[in-house]
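Chemist: Here you go, one structure.
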Amino acid sequence: MKKNPHQNQPTKKYIHHQSSIKMNKKIYSSTDRVMDNIPYPPVHLLTIKEIFGTSDKPNLQLLLQHLEAEGRLELDAALTIMIRGRELTAREPNLLEIGTPITIVGDIHGQFFDMLKMFEKGGDIASNRYLFLGDYVDRGQFSVEVVLYLWAIKITYPDTFFLLRGNHECRNLTVYFTFKDECLLKLGDLFYEECMKSFDCLPIAALVQGQLFCIHGCISPEIRYIREVTDINRIIEPPTKGPLCDILWADPTDGYDNEKLEQRSEMYTHNGPRGCSYNVSYKAMCKFLDDNDLLCVIRAHQVQSAGCKMYKKHEKTLFPTLVTIFSAPNYCEVYKNRGAILRYDGSVMHVFQYKWVKHPYVLPNFLDAFRWSIPFVLEKVTDMFLAILKFCSDEHDSRLSRRTQIIEKIVHYYASLSDEAEQSLVFGNVLPPISNRLTESRIANKDQIDFQTAQQMDYPNEHLPYNQYRRK
């Protein structure tokens, strides 16, 4: 049979198709940015001289513009802001006495860009009085920026801008969650240690117009009169019991709004979900308000779908006995809650809500793309190695069979790591423990998570972590 000389030659149509593929193939540069419409973060680090100049007050506008653009500060500049802020808060008493009108802000949790939206609602910081109820750090990806900007405002307006301590302003939780890692990444260990010293010096309570008692957590059975707050030693790492612990950790009972004063029940019960402190009853709250001639207790500490919750009214004043305010919208990137702030003018209480805003994306636990992708690469490499081993080995060789079993276990382990890395993109910082991950198989993206689902998944993270325990 005579061989056709053109039998194995590519046709003109095929050659044209291949050349068109080469012409249309997009070449990506290893140096140019793919999304060239998004500007680079500033490379320049802000210095002390640029921030303060010849003044003892920082240039807030320059600092804000730099932080908004994801810029960073020199270590000396960041330490100067924290130290000067600490010197101011250390001179303040445990219990601040503040006038009205005032804007009261709840948890921020490292959500810097949402905090800027909050300031738009609350009004100009130069002409408005602000009181923050704590929890500035952890869970969000921009805690360093939050702390630096708030402390800079405190330096600029020390008599109208007030910061209280939350339960997350401590060493135990900042190691367990994300703040320490963020500090080490952006500024280093010295900055983290200075932040802890600054947190220790924050006041723990405020009395607004002699009417509103403001704290982060809730009231304590060990504090009958608010003047007793002044006797607490606050410049310490918060203990796991006692009045300081309660002020930072306590919650109202689940059935608070359904309780009646004539019911015979415990006024304070153990707070199981938190693993410390108490659940406070309506009866206990009414007694505390009556004993201190107060109108209401304002607190933060618990995420609310609407950003704010007003609890059952007092039978005498017909005013809410308790108000929870939460100012971090779309908490942990999955809750889809609104943020809220409270404005009180001495007689009327106004609540302003706001939604979350877009912000620069950060991988979970501040990983870069290479480190995040390592489990996927290892899974594929070991999978290929296993396939080669099975193909080349004798099925009757017991030693090779044993090796194959070992490699199969390694493949399974890397597969679980890659699944965890992929799920972290969906669940973010509410990724539940392995024992609670039954819902993961039914959830493919964040849009499928509602407020109640996020709460259930995040439930283990509400508990007081054991000392020295690291959640990694």
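We label chains A, B, ... in the order they appear in the structure tokens, count residues from 1 in each chain, and number ligands from 1 in the order shown.
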Can you write out as CSV which residues of stretch 28-62 of chain A fall within 10 Å of stretch 76-100 of chain A, alongside each residue's closest atom pair and its distance in Å to one decimal, counting only C-alpha atoms and ordering rows by chain and ascending residue number?

Modeler:
```
residue,atom,partner,partner_atom,distance
A:Leu45,CA,A:Ala77,CA,9.2
A:Leu46,CA,A:Ala77,CA,7.2
A:Thr47,CA,A:Ala77,CA,5.5
A:Ile48,CA,A:Ala77,CA,4.5
A:Lys49,CA,A:Ala77,CA,8.3
A:Glu50,CA,A:Ala77,CA,9.1
A:Ile51,CA,A:Ala77,CA,7.6
A:Phe52,CA,A:Ala77,CA,8.9
A:Asp56,CA,A:Arg84,CA,9.3
A:Lys57,CA,A:Ile81,CA,9.7
A:Pro58,CA,A:Ile81,CA,8.2
```

Chemist: Output the selection as a PDB file, in the first residue's frame - N, CA, C and O atoms for each residue.

Modeler:
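The resulting file, again_13.pdb, is shown below:
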```pdb
ATOM      1  N   LEU A  45       6.340  55.068  54.328  1.00  0.00           N
ATOM      2  CA  LEU A  45       5.856  54.940  55.701  1.00  0.00           C
ATOM      3  C   LEU A  45       5.805  56.329  56.335  1.00  0.00           C
ATOM      4  O   LEU A  45       6.796  57.070  56.315  1.00  0.00           O
ATOM      5  N   LEU A  46       4.657  56.681  56.903  1.00  0.00           N
ATOM      6  CA  LEU A  46       4.527  57.983  57.547  1.00  0.00           C
ATOM      7  C   LEU A  46       5.453  58.085  58.751  1.00  0.00           C
ATOM      8  O   LEU A  46       5.564  57.151  59.543  1.00  0.00           O
ATOM      9  N   THR A  47       6.095  59.227  58.896  1.00  0.00           N
ATOM     10  CA  THR A  47       7.033  59.443  59.987  1.00  0.00           C
ATOM     11  C   THR A  47       6.396  60.288  61.093  1.00  0.00           C
ATOM     12  O   THR A  47       5.334  60.890  60.906  1.00  0.00           O
ATOM     13  N   ILE A  48       7.074  60.359  62.224  1.00  0.00           N
ATOM     14  CA  ILE A  48       6.604  61.208  63.332  1.00  0.00           C
ATOM     15  C   ILE A  48       6.522  62.659  62.884  1.00  0.00           C
ATOM     16  O   ILE A  48       5.550  63.367  63.186  1.00  0.00           O
ATOM     17  N   LYS A  49       7.543  63.102  62.147  1.00  0.00           N
ATOM     18  CA  LYS A  49       7.579  64.499  61.713  1.00  0.00           C
ATOM     19  C   LYS A  49       6.404  64.825  60.802  1.00  0.00           C
ATOM     20  O   LYS A  49       5.808  65.909  60.889  1.00  0.00           O
ATOM     21  N   GLU A  50       6.046  63.889  59.914  1.00  0.00           N
ATOM     22  CA  GLU A  50       4.928  64.132  59.005  1.00  0.00           C
ATOM     23  C   GLU A  50       3.590  64.153  59.751  1.00  0.00           C
ATOM     24  O   GLU A  50       2.698  64.927  59.421  1.00  0.00           O
ATOM     25  N   ILE A  51       3.439  63.295  60.742  1.00  0.00           N
ATOM     26  CA  ILE A  51       2.165  63.199  61.463  1.00  0.00           C
ATOM     27  C   ILE A  51       2.000  64.346  62.456  1.00  0.00           C
ATOM     28  O   ILE A  51       0.940  64.958  62.545  1.00  0.00           O
ATOM     29  N   PHE A  52       3.047  64.664  63.189  1.00  0.00           N
ATOM     30  CA  PHE A  52       2.944  65.664  64.251  1.00  0.00           C
ATOM     31  C   PHE A  52       3.530  67.021  63.866  1.00  0.00           C
ATOM     32  O   PHE A  52       3.086  68.052  64.385  1.00  0.00           O
ATOM     33  N   ASP A  56       1.822  69.263  69.031  1.00  0.00           N
ATOM     34  CA  ASP A  56       1.622  68.078  69.863  1.00  0.00           C
ATOM     35  C   ASP A  56       0.354  67.324  69.457  1.00  0.00           C
ATOM     36  O   ASP A  56       0.004  66.328  70.072  1.00  0.00           O
ATOM     37  N   LYS A  57      -0.327  67.825  68.422  1.00  0.00           N
ATOM     38  CA  LYS A  57      -1.531  67.176  67.894  1.00  0.00           C
ATOM     39  C   LYS A  57      -1.215  66.554  66.538  1.00  0.00           C
ATOM     40  O   LYS A  57      -0.543  67.165  65.702  1.00  0.00           O
ATOM     41  N   PRO A  58      -1.714  65.357  66.260  1.00  0.00           N
ATOM     42  CA  PRO A  58      -1.446  64.730  64.958  1.00  0.00           C
ATOM     43  C   PRO A  58      -2.258  65.356  63.837  1.00  0.00           C
ATOM     44  O   PRO A  58      -3.320  65.932  64.063  1.00  0.00           O
TER      45      PRO A  58
END
```

Chemist: Could you write out, as a list in words, all the residues of stretch 230-320 of chain A that DSSP marks as alpha helix (DSSP H)?

Modeler: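 Assigned to alpha helix (DSSP H), within stretch 230-320 of chain A: Pro243, Leu244, Cys245, Asp246, Ile247, Leu248, Trp249, Tyr282, Lys283, Ala284, Met285, Cys286, Lys287, Phe288, Leu289, Asp290, Asp291 and Asn292 of chain A.
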
Chemist: Please dump the current selection as a short mmCIF file (atom, residue, chain, number, x, y, z; two decimals), in the first residue's frame; keep N, CA, C and O atoms.

Modeler:
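Output file selection-v5.cif is given in full below:
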```cif
data_model
loop_
_atom_site.label_atom_id
_atom_site.label_comp_id
_atom_site.auth_asym_id
_atom_site.auth_seq_id
_atom_site.Cartn_x
_atom_site.Cartn_y
_atom_site.Cartn_z
N PRO A 243 -15.78 41.86 89.64
CA PRO A 243 -16.51 42.98 89.03
C PRO A 243 -15.94 43.45 87.69
O PRO A 243 -16.71 43.80 86.79
N LEU A 244 -14.61 43.45 87.54
CA LEU A 244 -14.03 43.87 86.27
C LEU A 244 -14.40 42.89 85.16
O LEU A 244 -14.75 43.28 84.04
N CYS A 245 -14.36 41.60 85.48
CA CYS A 245 -14.78 40.57 84.51
C CYS A 245 -16.24 40.78 84.10
O CYS A 245 -16.57 40.71 82.92
N ASP A 246 -17.11 41.05 85.06
CA ASP A 246 -18.54 41.23 84.76
C ASP A 246 -18.79 42.45 83.89
O ASP A 246 -19.59 42.40 82.95
N ILE A 247 -18.10 43.54 84.19
CA ILE A 247 -18.27 44.76 83.40
C ILE A 247 -17.90 44.53 81.94
O ILE A 247 -18.48 45.12 81.03
N LEU A 248 -16.94 43.61 81.70
CA LEU A 248 -16.47 43.34 80.34
C LEU A 248 -17.19 42.16 79.67
O LEU A 248 -17.24 42.10 78.43
N TRP A 249 -17.75 41.22 80.44
CA TRP A 249 -18.23 39.96 79.87
C TRP A 249 -19.72 39.66 80.07
O TRP A 249 -20.27 38.82 79.34
N TYR A 282 -33.96 40.86 84.36
CA TYR A 282 -34.70 42.13 84.36
C TYR A 282 -34.86 42.65 85.78
O TYR A 282 -34.73 43.85 86.05
N LYS A 283 -35.12 41.74 86.71
CA LYS A 283 -35.29 42.12 88.11
C LYS A 283 -34.02 42.75 88.68
O LYS A 283 -34.07 43.78 89.38
N ALA A 284 -32.86 42.15 88.36
CA ALA A 284 -31.59 42.68 88.84
C ALA A 284 -31.31 44.05 88.24
O ALA A 284 -30.81 44.96 88.93
N MET A 285 -31.66 44.22 86.98
CA MET A 285 -31.41 45.50 86.32
C MET A 285 -32.28 46.60 86.91
O MET A 285 -31.79 47.72 87.15
N CYS A 286 -33.55 46.31 87.15
CA CYS A 286 -34.44 47.30 87.74
C CYS A 286 -33.96 47.73 89.14
O CYS A 286 -33.99 48.92 89.48
N LYS A 287 -33.48 46.76 89.91
CA LYS A 287 -32.96 47.08 91.25
C LYS A 287 -31.72 47.97 91.15
O LYS A 287 -31.57 48.94 91.91
N PHE A 288 -30.84 47.66 90.22
CA PHE A 288 -29.63 48.46 90.04
C PHE A 288 -29.98 49.89 89.63
O PHE A 288 -29.41 50.85 90.15
N LEU A 289 -30.93 50.04 88.72
CA LEU A 289 -31.33 51.38 88.29
C LEU A 289 -31.97 52.16 89.43
O LEU A 289 -31.70 53.36 89.61
N ASP A 290 -32.82 51.49 90.20
CA ASP A 290 -33.49 52.16 91.33
C ASP A 290 -32.48 52.58 92.41
O ASP A 290 -32.56 53.68 92.95
N ASP A 291 -31.54 51.67 92.73
CA ASP A 291 -30.56 51.97 93.78
C ASP A 291 -29.66 53.14 93.42
O ASP A 291 -29.15 53.85 94.30
N ASN A 292 -29.44 53.36 92.11
CA ASN A 292 -28.52 54.40 91.67
C ASN A 292 -29.22 55.59 91.01
O ASN A 292 -28.55 56.49 90.48
#
```

Chemist: Got a sec: who's within 12 Å of A:Leu261, counting only C-alpha atoms, leaving out chain neighbours fewer than 2 positions off, as a ChimeraX atom specification?

Modeler: /A:256-259,263-267,281-287,312-315

Chemist: Between atom CA of A:Ile235 and atom CA of A:Asn172, what is the distance, to one decimal in Å?

Modeler: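 Interatomic distance, atom CA of A:Ile235 to atom CA of A:Asn172: 14.9 Å.
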
Chemist: Compare A:Leu75, A:His66, A:Gly188, A:Ser373 by their minimum atom-to-atom distance to A:His44, counting only C-alpha atoms, and give me the closest one.

Modeler: A:His66

Chemist: Tell me which protein, DNA and RNA residues are within 8 Å of stretch 103-111 of chain A, counting only C-alpha atoms, leaving out same-chain ones fewer than 4 positions away, and put them as an MDAnalysis selection string.

Modeler: chainID A and resid 115 122 128:146 299:301 325:328 340:344

Chemist: Just the strand (DSSP E or B) stuff from stretch 192-337 of chain A, please, per backbone DSSP, written as an mmCIF file with N, CA and C atoms, in the first residue's frame.

Modeler:
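The file below, part.cif, is the result:
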```cif
data_model
loop_
_atom_site.group_PDB
_atom_site.id
_atom_site.type_symbol
_atom_site.label_atom_id
_atom_site.label_comp_id
_atom_site.auth_asym_id
_atom_site.auth_seq_id
_atom_site.Cartn_x
_atom_site.Cartn_y
_atom_site.Cartn_z
ATOM 1 N N ALA A 205 -15.996 52.414 82.535
ATOM 2 C CA ALA A 205 -17.415 52.769 82.604
ATOM 3 C C ALA A 205 -17.569 54.273 82.430
ATOM 4 N N ALA A 206 -18.792 54.706 82.079
ATOM 5 C CA ALA A 206 -19.085 56.134 81.926
ATOM 6 C C ALA A 206 -20.505 56.406 82.400
ATOM 7 N N LEU A 207 -20.690 57.577 82.979
ATOM 8 C CA LEU A 207 -22.012 58.040 83.409
ATOM 9 C C LEU A 207 -22.354 59.275 82.581
ATOM 10 N N VAL A 208 -23.386 59.161 81.750
ATOM 11 C CA VAL A 208 -23.775 60.241 80.855
ATOM 12 C C VAL A 208 -24.924 61.037 81.468
ATOM 13 N N LEU A 212 -27.418 57.780 82.216
ATOM 14 C CA LEU A 212 -27.085 56.553 81.481
ATOM 15 C C LEU A 212 -25.766 55.988 81.995
ATOM 16 N N PHE A 213 -25.811 54.736 82.434
ATOM 17 C CA PHE A 213 -24.604 54.038 82.871
ATOM 18 C C PHE A 213 -24.097 53.216 81.697
ATOM 19 N N CYS A 214 -22.904 53.536 81.194
ATOM 20 C CA CYS A 214 -22.391 52.936 79.959
ATOM 21 C C CYS A 214 -21.194 52.036 80.258
ATOM 22 N N ASP A 251 -23.871 39.418 80.234
ATOM 23 C CA ASP A 251 -24.943 39.580 79.243
ATOM 24 C C ASP A 251 -26.297 39.578 79.951
ATOM 25 N N PRO A 252 -27.333 40.132 79.314
ATOM 26 C CA PRO A 252 -28.691 39.934 79.838
ATOM 27 C C PRO A 252 -29.153 38.501 79.596
ATOM 28 N N TYR A 268 -29.027 36.752 89.147
ATOM 29 C CA TYR A 268 -27.800 36.539 88.384
ATOM 30 C C TYR A 268 -27.575 35.031 88.240
ATOM 31 N N THR A 269 -27.389 34.581 87.007
ATOM 32 C CA THR A 269 -27.113 33.166 86.747
ATOM 33 C C THR A 269 -25.823 33.050 85.941
ATOM 34 N N HIS A 270 -25.196 31.870 86.016
ATOM 35 C CA HIS A 270 -23.919 31.669 85.324
ATOM 36 C C HIS A 270 -24.089 31.847 83.816
ATOM 37 N N TYR A 278 -21.827 36.496 84.375
ATOM 38 C CA TYR A 278 -23.229 36.202 84.666
ATOM 39 C C TYR A 278 -24.157 36.612 83.533
ATOM 40 N N ASN A 279 -25.357 36.015 83.581
ATOM 41 C CA ASN A 279 -26.511 36.526 82.840
ATOM 42 C C ASN A 279 -27.343 37.347 83.816
ATOM 43 N N VAL A 280 -27.673 38.567 83.431
ATOM 44 C CA VAL A 280 -28.358 39.509 84.309
ATOM 45 C C VAL A 280 -29.851 39.517 83.999
ATOM 46 N N CYS A 296 -31.135 54.251 82.555
ATOM 47 C CA CYS A 296 -30.902 53.128 81.638
ATOM 48 C C CYS A 296 -29.444 52.702 81.698
ATOM 49 N N VAL A 297 -29.176 51.459 81.315
ATOM 50 C CA VAL A 297 -27.814 50.966 81.117
ATOM 51 C C VAL A 297 -27.592 50.786 79.612
ATOM 52 N N ILE A 298 -26.511 51.375 79.099
ATOM 53 C CA ILE A 298 -26.135 51.243 77.689
ATOM 54 C C ILE A 298 -24.918 50.342 77.617
ATOM 55 N N ARG A 299 -24.974 49.314 76.775
ATOM 56 C CA ARG A 299 -23.846 48.381 76.665
ATOM 57 C C ARG A 299 -23.679 47.929 75.219
ATOM 58 N N CYS A 308 -28.978 47.449 66.931
ATOM 59 C CA CYS A 308 -29.369 47.972 68.233
ATOM 60 C C CYS A 308 -30.568 47.179 68.756
ATOM 61 N N LYS A 309 -30.606 46.991 70.057
ATOM 62 C CA LYS A 309 -31.763 46.352 70.675
ATOM 63 C C LYS A 309 -32.115 47.078 71.959
ATOM 64 N N MET A 310 -33.382 47.496 72.062
ATOM 65 C CA MET A 310 -33.879 48.114 73.280
ATOM 66 C C MET A 310 -34.708 47.091 74.042
ATOM 67 N N LYS A 313 -39.020 47.854 79.136
ATOM 68 C CA LYS A 313 -39.060 49.152 79.815
ATOM 69 C C LYS A 313 -39.246 48.989 81.322
ATOM 70 N N PRO A 320 -36.594 52.178 78.302
ATOM 71 C CA PRO A 320 -35.880 50.889 78.246
ATOM 72 C C PRO A 320 -34.856 50.763 79.372
ATOM 73 N N LEU A 322 -32.469 48.646 79.435
ATOM 74 C CA LEU A 322 -31.183 48.224 78.877
ATOM 75 C C LEU A 322 -31.196 48.429 77.361
ATOM 76 N N VAL A 323 -30.088 48.904 76.821
ATOM 77 C CA VAL A 323 -29.931 49.065 75.370
ATOM 78 C C VAL A 323 -28.599 48.459 74.962
ATOM 79 N N THR A 324 -28.616 47.583 73.948
ATOM 80 C CA THR A 324 -27.386 47.033 73.375
ATOM 81 C C THR A 324 -27.133 47.710 72.044
ATOM 82 N N ILE A 325 -25.925 48.217 71.866
ATOM 83 C CA ILE A 325 -25.553 48.885 70.615
ATOM 84 C C ILE A 325 -24.355 48.159 70.010
ATOM 85 N N PHE A 326 -24.420 47.871 68.713
ATOM 86 C CA PHE A 326 -23.350 47.131 68.022
ATOM 87 C C PHE A 326 -23.061 47.859 66.712
#
```

Chemist: Find the residue from A:Phe366, A:Tyr225, A:Tyr331, A:Tyr466 that sits nearest to A:Asp181; use only C-alpha atoms when measuring.

Modeler: A:Phe366

Chemist: Mind checking which residues fall within 8 Å of A:Pro41, counting only C-alpha atoms, ignoring those fewer than 2 positions away in the same chain, and posting them as a ChimeraX atom specification?

Modeler: /A:39,43,69-71

Chemist: Could the residues in this selection be saved with C-alpha atoms as a PDB file, in the first residue's frame?

Modeler:
```pdb
ATOM      1  CA  PRO A  39      -3.870  51.975  42.847  1.00  0.00           C
ATOM      2  CA  VAL A  43       5.127  52.432  49.776  1.00  0.00           C
ATOM      3  CA  ALA A  69      -5.070  53.910  51.045  1.00  0.00           C
ATOM      4  CA  GLU A  70      -3.684  50.946  53.051  1.00  0.00           C
ATOM      5  CA  GLY A  71      -0.541  52.860  53.928  1.00  0.00           C
TER       6      GLY A  71
END
```

Chemist: With distances taken over only C-alpha atoms, which of A:Leu295, A:His168, A:Ile406, A:Thr54 is nearest to A:Gly346?

Modeler: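 Closest to A:Gly346 of all the choices is A:Leu295.
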
Chemist: What is the distance, in Å and to one decimal place, between atom CA of A:Asn37 and atom CA of A:Pro360?

Modeler: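 Computing the Euclidean distance for atom CA of A:Asn37 and atom CA of A:Pro360 yields 13.7 Å.
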